[in-house]
Every structure is written in structure tokens, then in C-alpha cells.
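Written below as C-alpha cells is the structure these notes are about.
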Amino acid sequence: MKFHSSRKVNSMKVLIGQFVTESNANVPDLCRIVDYDIAFGEECISKMQIKNVFDEEGIEIIPAIYANAGASGVVERNTFDYIESCFVKTVKKHLHEIDGIYLMLHGASEVEGLGSGDHHILKVIREIVGPYLPIAVSCDPHGNLCKEYAESTQIIRSYRNSPHTDKVETYVKVTKTLCKIMKERVHIYSSYRKLPLILGGEQSVSDDEPVASINKYMNEMEKDPRILSASWHVGYIRHDSDVAGCGVVVVPSSEEYQPFAEEKVEELANYVWNKRHEFHYTGLTAKPDEALKMSLEFEGSPCVITDSGDNTTSGATGWNTFVLRQVLEIENLSKSFLFATINDPKSYDKLKSVSDGEKSHITLGVGYDKWSKPVELDVIVKLKGEICRFKDGNLDKVFGGVVLVNIVGTNIDIMVANTRQPIIDNDQLNHIGIDWTQYDVIVLKQGYIFPEFKAKAKFYVMSLTMGATPQDTASIPFKRIMRPMYPIDEI
């Protein structure tokens with residue numbers, strides 16, 4: 001039986017908030033409050049990029065908190081408690097007037113002594129609002145789900161694309177769906193299935209198979225009017241967790257189609273599972289010596305090497321000097337190199353006071369382990385700038401500083417930074433004043449190559465280096481995950 005509310009749409013209100021942390025437990029530093037980009041009020045609304053949807057629907061927005069640390073370490077408990085308290089206080093304050101809740105929860109947070117921060121936030125909110133208030137969640141596919149978490153939402157949906165070029169598209173899809181649920185007063189929930197399958201992000205790039213086929217399959221599923229949303233969640237492998245692994249979600253369009261959604265989620269789970277042998281590293285991959293050799297022997301330029309074991313987009317520190325030491329060992333190096341970047345705050349602090357064009361001696365490398373072993377270098381300072389994040393071509397946030405240096409007597413340039421923030425697009429380098437295409441080879445702290453570098457590279461290879469983000473999933477010593485789990489176990 002369907003009931004329709006007579007309440008006016010323009011009196012509706014929605015509470016929104018964001019918590020994003022991709023927690024890598026293999027780095028030594030905790031993620032603290034200073035690592036977050038935090039915003040409240042109108043700034044929170046602006047940063048969440050969904051204002052237009054609710055404005056068009058005549059729904060008033062009540063912002064809680066925007067907290068984004070990107071890829072970082074395990075979250076300090078006090079830091080998380082503060083962020084969660086901002087959600088809780090706002091929900092309690094406005095409980096009498098909100099008609100729905102929209103959250104952007106990455107899905108890969110890990111809080112010291114607690115577990116998943118994403119799951120805890122949703123659990124606490126659901127305890128406050130009860131089982132019926134609509135809650136919608138947008139998330140990163142590289143986040144972990146569980147049955148209780150997924151089924152606490154009316155809709156949870158991840159980005160389709162990796163790299164995540166469809167973020168805003170996903171936000172719009174989820175918020176529009178939430179508006180529909182709020183207006184029609186349907187009582188539905190997300191149907192979820194966990195898969196005994198664990199994958200790294202570099203094995204699940206959306207332009208490649210089998211992910212391209214999985215996305216096509218889900219797009220076709222969504223053409224059925226009985227289905228509002230279908231999504232596949234790769235999961236996150238950089239901290240040991242009992243919720244790690246792949247999962248799928250299907251959302252029905254009304255309560256009467258909930259059993260149909262249960263059938264379709266089982267179908268989607270089987271479809272993904274039957275493709276488990278097809279997952280592979282995207283593009284060309286090679287062991288470090290071979291990856292460097294390929295780049296040196298390639299006749300064109302520019303070439304891109306991604307230092308996958310120090311992938312800062314997955315929480316690594318960006319301080320490994322391994323590939324630099326590889327290059328320094330080459331006799332009569334004829335090709336020009338740009339390292340973007342190497343994170344070493346002490347070296348950066350020394351260099352920032354050196355004038356452009358002047359020489360300096362630095363010990364580059366923090367010496368935390370053998371991968372970040374220090375290197376003694378005589379360098380010339382070329383220029384100074386900022387490591388920033390851009391959205392739609394506009395400066396969004398400054399994360400730290402960078403000094404571009406040249407190693408004396410070589411054609412090797414290094415961007416020495418005081419932040420792990422990754423270089424993932426041309427805007428970041430243009431802002432500093434660097435044209436990376438003028439180099440023969442650029443070394444990036446990434447796993448899979450990001451779109452703007454891929455578009456301009458004549459050749460690119462993922463170097464299977466070691467560090468905080470190793471690519472051999474089966475070799476990672478998981479203890480808490482569900483077992484058996486493919487490919488760690490043969491199923």
C-alpha cells in the first residue's frame with residue numbers, strides 16, 4: 001500500500017556532511033585535526049558540490065561539517081571524536097525539522113581503537129534518527145562496506161570511475177535520488193552482498209576490463225524502473241579490517257520492489273565474482289629495474305613512471321628515494337628527469353631560504369626505512385611554489401610548499417616538498433610554473449596513472465616498487481579479514 005504526503009516540498013530540509021579519510025596503516029603518522037580541510041556553514045555547502053540539486057528541488061540545506069583529509073594515516077581518536085561530535089550535535093539540534101540526511105563518507109577510514117569511522121558515524125546517526133528517516137550516502141569505491149552499514153541507508157552509491165572523474169556526477173545522482181525518496185515517502189533500504197574477493201585500486205581501473213563490463217552491466221540494471229541504483233564497491237586494502245573486501249549494492253525504487261532488489265543484488269554479486277580471474281594491473285607494469293630500462297629505451301617523450309609502492313593517493317608518505325637512487329646510478333644519463341615530488345620537510349625548510357639560482361647541499365630522504373634512505377646532493381634552486389588542490393580549474397586549497405631543484409651536473413630536477421599531497425593534474429604544476437612535458441621522464445607518486453598525465457604521455461609504466469602501498473595483494477599479511485578470500489585463498 002502506498003501513501004503520499006501532502007506536505008509542501010518547499011518546507012523540506014536536508015542535513016548534509018562529509019567525512020573523508022583514506023587511512024593507510026603502513027605509514028608512521030596518525031591523521032590529526034591539522035591534516036583535515038574543515039569547513040562549516042556556507043563553506044561546507046559549497047565544498048560538498050550539491051547545492052544546485054537541493055535548490056532546484058526547493059529543499060533547504062542544513063550543513064553539519066565538511067572534513068576531508070584525503071589519503072593519510074590512521075585517524076587519531078581525539079580527532080575523530082571531534083568530527084563525529086559535529087555530526088551528532090547538528091543532527092540532534094535539527095532532528096525536529098529535517099526530512100532527510102545526505103552524507104559523503106569515503107568508506108576507508110580507520111580510527112585508532114575504534115575501527116571504521118565511516119561506519120561509526122552512520123551507526124550513531126541512525127541510532128538518533130531511528131529507522132525511517134531517509135539517509136543517502138555517496139562514497140568512494142575504494143571503501144569498505146558491511147551489511148549493517150549498507151542496510152542503514154536508503155541509498156549508498158560509489159563512483160563508477162577510477163580514477164574518479166565522475167565524483168560530482170555521483171553526488172548529483174545520489175542527492176536527486178534522496179529528494180525522490182523524501183518526497184514520495186517510500187520506505188526502502190540498500191540491499192547488500194559481500195564478496196570473498198579483495199582487490200587493490202590498481203587492479204580495478206574503470207577504462208579497463210573487467211570493470212568496464214561491470215559498469216555497463218550496472219548501467220543496464222538501472223534502466224529497470226524498479227531499480228534506483230546499483231553499485232560495486234572495490235574496497236580498501238591499506239589497513240587490516242574485518243570489513244575489507246568487495247561488495248555490491250542494489251536499491252529498489254519502492255518498498256514493493258525490495259524483494260526484486262534482493263534478487264538483483266545476488267545477480268550482480270555473481271556477475272562480479274565470475275570475473276574474479278580477469279582482474280589485473282592496468283596498463284604496463286614492470287619490476288623497478290625493468291620499468292626504468294623501458295623508459296630510458298623509449299625514443300619519444302614525455303614518459304611517465306609511477307612509483308606505485310609510494311602511492312600518495314593511497315596514503316603513502318611520498319618520501320621514498322628508491323627510484324631517485326636508481327636513476328643516480330645510471331652512467332652517462334642522457335635523458336632529463338623530473339621527480340614530482342619527494343616529501344622531505346627538513347630539506348624543504350633548508351631550501352626555502354636559498355635564493356633562486358643559488359647552490360645548496362641537502363641530505364634528501366627522511367631515513368625512516370630502506371626505501372626512504374637519504375641521498376647527499378648538491379643542488380641549484382630553480383623556483384619555489386605551493387602544492388595546491390584545484391576543483392574545476394579553480395584553486396581550492398593550499399597544502400604546503402615545494403622547491404624545484406636541479407642536481408648539479410645532471411639533468412635531474414626534483415620537486416622537494418613539505419607535504420605528501422599528490423600531484424595528479426596539470427593545474428598543480430602550472431600553478432608552480434612547471435611544464436612537465438618538457439622533460440623526457442617524470443616520476444610520479446601514484447599507482448595507476450591519472451588522466452591528464454595519461455593523455456599527454458607518449459609512454460607510461462607502473463613501477464612495482466615497495467613501500468607503504470605494495471601492489472601484491474596476496475602478499476599483504478591480513479589477519480582480520482573474512483576468510484577464505486580470493487586471491488589470498490584459492491576458492
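Residues are named by chain letter and number: chains run A, B, ... in the order of the C-alpha cells, numbers start at 1 in each chain, and ligands are numbered from 1 in the order shown.
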**Study point:** 10 Å contact set for segment 462-471 of chain A, only C-alpha atoms, chain neighbours under 2 positions out, as a PyMOL selection string
**Key:** chain A and resi 24-28+199-203+237-238+281-292+304-320+322-323+369-372+443-444+446-449+460+473-476
Point to revise | Test item: residues at most 12 Å from Glu490 of chain A, only C-alpha atoms, excluding those fewer than 6 positions along its chain, as a list in words | key: Pro196, Leu197, Arg276, His277, Ala474, Arg483 and Pro484 of chain A
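Between atom CA of Lys89 of chain A and atom CA of Phe40 of chain A lies a distance of 12.9 Å.
With only C-alpha atoms taken into account, the protein and nucleic acid residues at most 10 Å from segment 387-398 of chain A (excluding it and anything under 3 positions from it in its own chain) are Asp37, Lys47, Thr341, Gly401, Val402, Val403, Ala417, Asn418, Thr419, Arg420, Gln421, Pro422, Ile423, Ile424, Asp425, Asn426, Asp427, Gln428, Leu429, His431 and Ile432 of chain A.
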Check your understanding: Residues at most 9 Å from Pro374 of chain A, counting only C-alpha atoms, excluding those fewer than 5 positions away in the same chain, as a PyMOL selection string?
Key -> chain A and resi 321+363-367
Convert the current residue selection to file output with C-alpha atoms, as a PDB file, in the first residue's frame.
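Output contents, as saved in selection.pdb:
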ATOM      1  CA  THR A 321      64.027   7.955  -2.643  1.00  0.00           C
ATOM      2  CA  THR A 363      70.514  15.316   2.576  1.00  0.00           C
ATOM      3  CA  LEU A 364      67.345  14.251   0.771  1.00  0.00           C
ATOM      4  CA  GLY A 365      65.389  11.436   2.389  1.00  0.00           C
ATOM      5  CA  VAL A 366      63.888  11.074   5.847  1.00  0.00           C
ATOM      6  CA  GLY A 367      65.650   7.757   6.569  1.00  0.00           C
TER       7      GLY A 367
END
Review point. Suppose you want the space between atom CA of Met415 of chain A and atom CA of Ile342 of chain A; what is it in Å?
Key: 6.3 Å
Point to revise | Long-range neighbours of Ala150 of chain A as a VMD selection string, 9 Å cut-off, only C-alpha atoms, 2 positions minimum in chain | key: chain A and resid 145 to 148 152 to 156 189 to 192 249
Please produce a file of the residues just selected, as an mmCIF file, in the first residue's frame, where the atoms kept are N, CA and C atoms.
data_model
loop_
_atom_site.group_PDB
_atom_site.id
_atom_site.type_symbol
_atom_site.label_atom_id
_atom_site.label_comp_id
_atom_site.auth_asym_id
_atom_site.auth_seq_id
_atom_site.Cartn_x
_atom_site.Cartn_y
_atom_site.Cartn_z
ATOM 1 N N LEU A 145 32.498 -1.769 3.014
ATOM 2 C CA LEU A 145 31.123 -1.828 3.483
ATOM 3 C C LEU A 145 30.937 -3.035 4.389
ATOM 4 N N CYS A 146 29.786 -3.081 5.040
ATOM 5 C CA CYS A 146 29.315 -4.283 5.712
ATOM 6 C C CYS A 146 27.794 -4.240 5.652
ATOM 7 N N LYS A 147 27.144 -5.340 5.982
ATOM 8 C CA LYS A 147 25.698 -5.439 5.850
ATOM 9 C C LYS A 147 24.980 -4.379 6.689
ATOM 10 N N GLU A 148 25.372 -4.229 7.955
ATOM 11 C CA GLU A 148 24.702 -3.288 8.847
ATOM 12 C C GLU A 148 24.846 -1.846 8.346
ATOM 13 N N SER A 152 21.675 0.346 6.587
ATOM 14 C CA SER A 152 21.237 1.501 7.372
ATOM 15 C C SER A 152 20.917 2.693 6.482
ATOM 16 N N THR A 153 21.197 2.564 5.186
ATOM 17 C CA THR A 153 20.954 3.654 4.241
ATOM 18 C C THR A 153 19.784 3.325 3.327
ATOM 19 N N GLN A 154 19.124 4.373 2.848
ATOM 20 C CA GLN A 154 18.130 4.189 1.789
ATOM 21 C C GLN A 154 18.828 4.067 0.437
ATOM 22 N N ILE A 155 19.935 4.764 0.298
ATOM 23 C CA ILE A 155 20.782 4.591 -0.888
ATOM 24 C C ILE A 155 22.228 4.842 -0.504
ATOM 25 N N ILE A 156 23.095 3.938 -0.924
ATOM 26 C CA ILE A 156 24.538 4.163 -0.847
ATOM 27 C C ILE A 156 25.094 3.810 -2.214
ATOM 28 N N TYR A 189 15.471 0.301 1.555
ATOM 29 C CA TYR A 189 16.834 0.269 2.080
ATOM 30 C C TYR A 189 17.747 -0.368 1.043
ATOM 31 N N SER A 190 19.035 -0.131 1.187
ATOM 32 C CA SER A 190 20.028 -0.662 0.253
ATOM 33 C C SER A 190 20.228 -2.151 0.496
ATOM 34 N N SER A 191 20.115 -2.941 -0.564
ATOM 35 C CA SER A 191 20.374 -4.381 -0.478
ATOM 36 C C SER A 191 21.847 -4.633 -0.770
ATOM 37 N N TYR A 192 22.504 -5.408 0.079
ATOM 38 C CA TYR A 192 23.966 -5.551 0.030
ATOM 39 C C TYR A 192 24.378 -7.019 0.019
ATOM 40 N N VAL A 249 25.799 -3.310 -4.122
ATOM 41 C CA VAL A 249 24.588 -2.730 -3.540
ATOM 42 C C VAL A 249 23.564 -2.476 -4.642
#
